[in-house]
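Student: One structure, pasted below without further comment.
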Amino acid sequence: GIAYAVDLAITGDEGDKLPATIQEIAPVRNATQVPAQTQVYVDLLAGNTGVIIIDGLELETVNLDEVRAEAKPGQQIELPLTTIYEPGNATLTFRPTAGSSIERFSEGEHVVEVIYWSVVEGRGSARSFSWTFSVF
């Protein structure tokens, strides 16, 4: 019986059942006991971009390359308090922070949706993926 149960167990990335374009998400799907200040992270395949929607609120996305281009040589870069898209890694990252659209996650379940598309094709070809996590 134990061998059968182990054979049926879902471990690692298998439990996420991620679309082929999404390599990793955080927090993981259906995570419990997530801290209120945890970051939301989506790792896409190269050549893709997107936006993060948390509990129905689409967060502004800022391209990290554009932020760097606006900085003067030697100037410290201040990241905006919103979703950061890093084109070199095709990642979207949002961390709740004082002053941002979401300053902290309240206790309970939260729904994250990522709408993603090929940079070449544009948002008109977008697809989406959703998951939930629970904050303690």
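Going through the structure tokens in order, the chains are called A, B, and so on, while each chain numbers its residues from 1 and the ligands are numbered from 1 in the order shown.
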Using the chain letters and numbers from this document, which residues of chain A does DSSP assign to strand (DSSP E), as JSON, numbers by chain?

Tutor: {"A": [22, 23, 24, 25, 26, 31, 32, 33, 34, 40, 41, 42, 43, 44, 48, 49, 50, 51, 52, 53, 54, 57, 58, 61, 62, 63, 83, 84, 85, 86, 91, 92, 93, 94, 108, 109, 110, 111, 112, 113, 114, 115, 116, 117, 118, 127, 128, 129, 130, 131, 132, 133, 134, 135]}

Student: Pull N, CA and C atoms from the residues just selected and write them as a compact mmCIF listing (two decimals), in the first residue's frame.

Tutor:
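This is the output file part-v9.txt:
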```
# COMPACT_ATOMS: atom_id res chain seq x y z
N ILE A 22 5.54 28.94 -18.94
CA ILE A 22 5.87 29.35 -17.57
C ILE A 22 6.78 28.31 -16.94
N GLN A 23 8.00 28.75 -16.56
CA GLN A 23 8.96 27.81 -15.99
C GLN A 23 8.82 27.65 -14.48
N GLU A 24 8.43 28.74 -13.80
CA GLU A 24 8.35 28.69 -12.34
C GLU A 24 7.44 29.79 -11.84
N ILE A 25 6.75 29.52 -10.72
CA ILE A 25 5.95 30.53 -10.05
C ILE A 25 6.26 30.49 -8.56
N ALA A 26 6.04 31.62 -7.91
CA ALA A 26 6.18 31.68 -6.45
C ALA A 26 5.18 32.72 -5.95
N ALA A 31 -0.13 27.10 -2.04
CA ALA A 31 0.75 27.19 -0.86
C ALA A 31 -0.05 27.70 0.33
N THR A 32 0.28 27.17 1.49
CA THR A 32 -0.32 27.63 2.75
C THR A 32 0.80 28.16 3.62
N GLN A 33 0.44 28.91 4.63
CA GLN A 33 1.43 29.46 5.56
C GLN A 33 2.42 30.40 4.89
N VAL A 34 1.93 31.19 3.92
CA VAL A 34 2.78 32.14 3.20
C VAL A 34 2.84 33.45 4.01
N VAL A 40 5.63 37.78 -5.25
CA VAL A 40 5.00 36.98 -6.30
C VAL A 40 5.96 37.03 -7.47
N TYR A 41 6.27 35.86 -8.02
CA TYR A 41 7.32 35.72 -9.03
C TYR A 41 6.85 34.80 -10.13
N VAL A 42 7.09 35.19 -11.38
CA VAL A 42 6.77 34.35 -12.53
C VAL A 42 7.98 34.35 -13.46
N ASP A 43 8.47 33.16 -13.76
CA ASP A 43 9.60 32.99 -14.67
C ASP A 43 9.05 32.44 -15.99
N LEU A 44 9.11 33.26 -17.03
CA LEU A 44 8.61 32.89 -18.34
C LEU A 44 9.75 32.43 -19.24
N ASN A 48 9.17 36.27 -23.81
CA ASN A 48 7.80 36.50 -23.34
C ASN A 48 7.78 37.58 -22.29
N THR A 49 6.64 38.20 -22.14
CA THR A 49 6.41 39.22 -21.12
C THR A 49 4.99 39.05 -20.60
N GLY A 50 4.59 39.90 -19.67
CA GLY A 50 3.24 39.79 -19.17
C GLY A 50 2.95 40.77 -18.05
N VAL A 51 1.81 40.56 -17.41
CA VAL A 51 1.39 41.35 -16.27
C VAL A 51 0.89 40.41 -15.18
N ILE A 52 0.94 40.89 -13.96
CA ILE A 52 0.44 40.13 -12.81
C ILE A 52 -0.83 40.81 -12.31
N ILE A 53 -1.84 39.99 -12.05
CA ILE A 53 -3.08 40.46 -11.46
C ILE A 53 -3.24 39.73 -10.13
N ILE A 54 -3.40 40.49 -9.05
CA ILE A 54 -3.56 39.88 -7.72
C ILE A 54 -4.91 40.30 -7.17
N LEU A 57 -6.71 42.94 -9.15
CA LEU A 57 -6.02 44.21 -9.39
C LEU A 57 -4.83 43.99 -10.31
N GLU A 58 -4.89 44.54 -11.54
CA GLU A 58 -3.75 44.44 -12.45
C GLU A 58 -2.70 45.45 -12.03
N THR A 61 3.32 47.26 -14.73
CA THR A 61 4.57 46.55 -14.96
C THR A 61 5.59 47.52 -15.53
N VAL A 62 6.79 47.52 -14.95
CA VAL A 62 7.87 48.40 -15.38
C VAL A 62 9.02 47.54 -15.90
N ASN A 63 9.53 47.90 -17.08
CA ASN A 63 10.64 47.19 -17.69
C ASN A 63 11.95 47.64 -17.04
N THR A 83 5.23 45.85 -10.27
CA THR A 83 5.81 44.66 -10.89
C THR A 83 7.01 45.06 -11.74
N ILE A 84 8.10 44.34 -11.56
CA ILE A 84 9.33 44.57 -12.34
C ILE A 84 9.46 43.44 -13.35
N TYR A 85 9.57 43.82 -14.63
CA TYR A 85 9.83 42.86 -15.69
C TYR A 85 11.30 42.95 -16.06
N GLU A 86 11.99 41.84 -15.95
CA GLU A 86 13.40 41.79 -16.31
C GLU A 86 13.53 41.02 -17.63
N THR A 91 11.40 37.53 -16.41
CA THR A 91 10.75 37.33 -15.12
C THR A 91 9.88 38.53 -14.75
N LEU A 92 8.82 38.26 -14.04
CA LEU A 92 7.95 39.27 -13.46
C LEU A 92 8.01 39.09 -11.95
N THR A 93 8.28 40.18 -11.22
CA THR A 93 8.41 40.09 -9.77
C THR A 93 7.65 41.24 -9.12
N PHE A 94 6.83 40.89 -8.13
CA PHE A 94 6.15 41.91 -7.33
C PHE A 94 6.34 41.57 -5.86
N GLY A 108 -5.50 34.95 4.71
CA GLY A 108 -6.48 34.24 3.90
C GLY A 108 -5.96 33.94 2.50
N GLU A 109 -6.91 33.55 1.64
CA GLU A 109 -6.55 33.11 0.29
C GLU A 109 -6.44 34.30 -0.66
N HIS A 110 -5.46 34.22 -1.56
CA HIS A 110 -5.24 35.23 -2.59
C HIS A 110 -5.16 34.54 -3.95
N VAL A 111 -5.66 35.22 -4.97
CA VAL A 111 -5.66 34.68 -6.33
C VAL A 111 -4.69 35.50 -7.18
N VAL A 112 -3.78 34.81 -7.83
CA VAL A 112 -2.83 35.45 -8.73
C VAL A 112 -3.13 34.97 -10.14
N GLU A 113 -3.16 35.91 -11.07
CA GLU A 113 -3.29 35.57 -12.48
C GLU A 113 -2.14 36.24 -13.20
N VAL A 114 -1.49 35.50 -14.06
CA VAL A 114 -0.48 36.10 -14.93
C VAL A 114 -1.03 36.03 -16.34
N ILE A 115 -1.05 37.18 -16.99
CA ILE A 115 -1.41 37.24 -18.41
C ILE A 115 -0.09 37.42 -19.14
N TYR A 116 0.22 36.52 -20.04
CA TYR A 116 1.55 36.52 -20.68
C TYR A 116 1.42 36.35 -22.18
N TRP A 117 2.44 36.87 -22.89
CA TRP A 117 2.44 36.81 -24.34
C TRP A 117 3.85 36.91 -24.88
N SER A 118 4.00 36.55 -26.13
CA SER A 118 5.27 36.67 -26.83
C SER A 118 5.52 38.15 -27.11
N ARG A 127 -2.22 34.77 -23.28
CA ARG A 127 -2.85 33.66 -22.57
C ARG A 127 -2.76 33.97 -21.09
N SER A 128 -3.44 33.19 -20.27
CA SER A 128 -3.37 33.45 -18.83
C SER A 128 -3.27 32.16 -18.04
N PHE A 129 -2.80 32.31 -16.82
CA PHE A 129 -2.68 31.20 -15.87
C PHE A 129 -2.95 31.77 -14.48
N SER A 130 -3.73 31.04 -13.69
CA SER A 130 -4.07 31.49 -12.35
C SER A 130 -3.71 30.44 -11.30
N TRP A 131 -3.44 30.92 -10.10
CA TRP A 131 -3.23 30.03 -8.97
C TRP A 131 -3.57 30.77 -7.69
N THR A 132 -3.63 30.03 -6.61
CA THR A 132 -3.95 30.63 -5.30
C THR A 132 -2.87 30.29 -4.30
N PHE A 133 -2.81 31.10 -3.24
CA PHE A 133 -1.96 30.82 -2.09
C PHE A 133 -2.65 31.41 -0.87
N SER A 134 -2.30 30.94 0.30
CA SER A 134 -2.93 31.40 1.54
C SER A 134 -1.90 31.98 2.49
N VAL A 135 -2.23 33.15 3.04
CA VAL A 135 -1.36 33.85 3.98
C VAL A 135 -1.83 33.52 5.39
```

Student: Write out as a tab-separated table the residues of region 2-93 of chain A that have any atom within 9 Å of an atom of region 99-104 of chain A, one row each with the nearest atom pair and its distance in Å to one decimal, counting only C-alpha atoms, sorted by chain and then rising number.

Tutor:
```
residue	atom	partner	partner_atom	distance
A:Ala36	CA	A:Arg104	CA	5.4
A:Gln37	CA	A:Arg104	CA	5.4
A:Thr38	CA	A:Arg104	CA	8.3
A:Ile54	CA	A:Ile102	CA	8.8
A:Leu57	CA	A:Ser101	CA	8.6
A:Leu59	CA	A:Ser101	CA	7.3
A:Pro80	CA	A:Ser100	CA	8.6
A:Leu81	CA	A:Ser100	CA	5.0
A:Thr82	CA	A:Ser100	CA	6.3
```

Student: Using only C-alpha atoms, can you tell me which of A:Gly122, A:Phe136, A:Pro96, A:Gln76 comes closest to Gln39 (chain A)?

Tutor: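 Looking at the shortest contact to Gln39 (chain A), the residue is A:Pro96.
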
Student: What does the distance between CA of Arg95 (chain A) and CA of Arg29 (chain A) come to in Å, to one decimal place?

Tutor: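 Value for the CA of Arg95 (chain A)-CA of Arg29 (chain A) distance: 17.2 Å.
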
Student: Tell me, in Å to one decimal, how far CA of Ala90 (chain A) is from CA of Ala71 (chain A).

Tutor: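 Pair CA of Ala90 (chain A) / CA of Ala71 (chain A) returns 21.3 Å.
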
Student: Of the candidates A:Asp65, A:Ala126, A:Gly74, A:Ala20, which shows the shortest atom-to-atom distance to Ala46 (chain A), using only C-alpha atoms?

Tutor: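 Smallest separation from Ala46 (chain A) among the options: A:Ala20.
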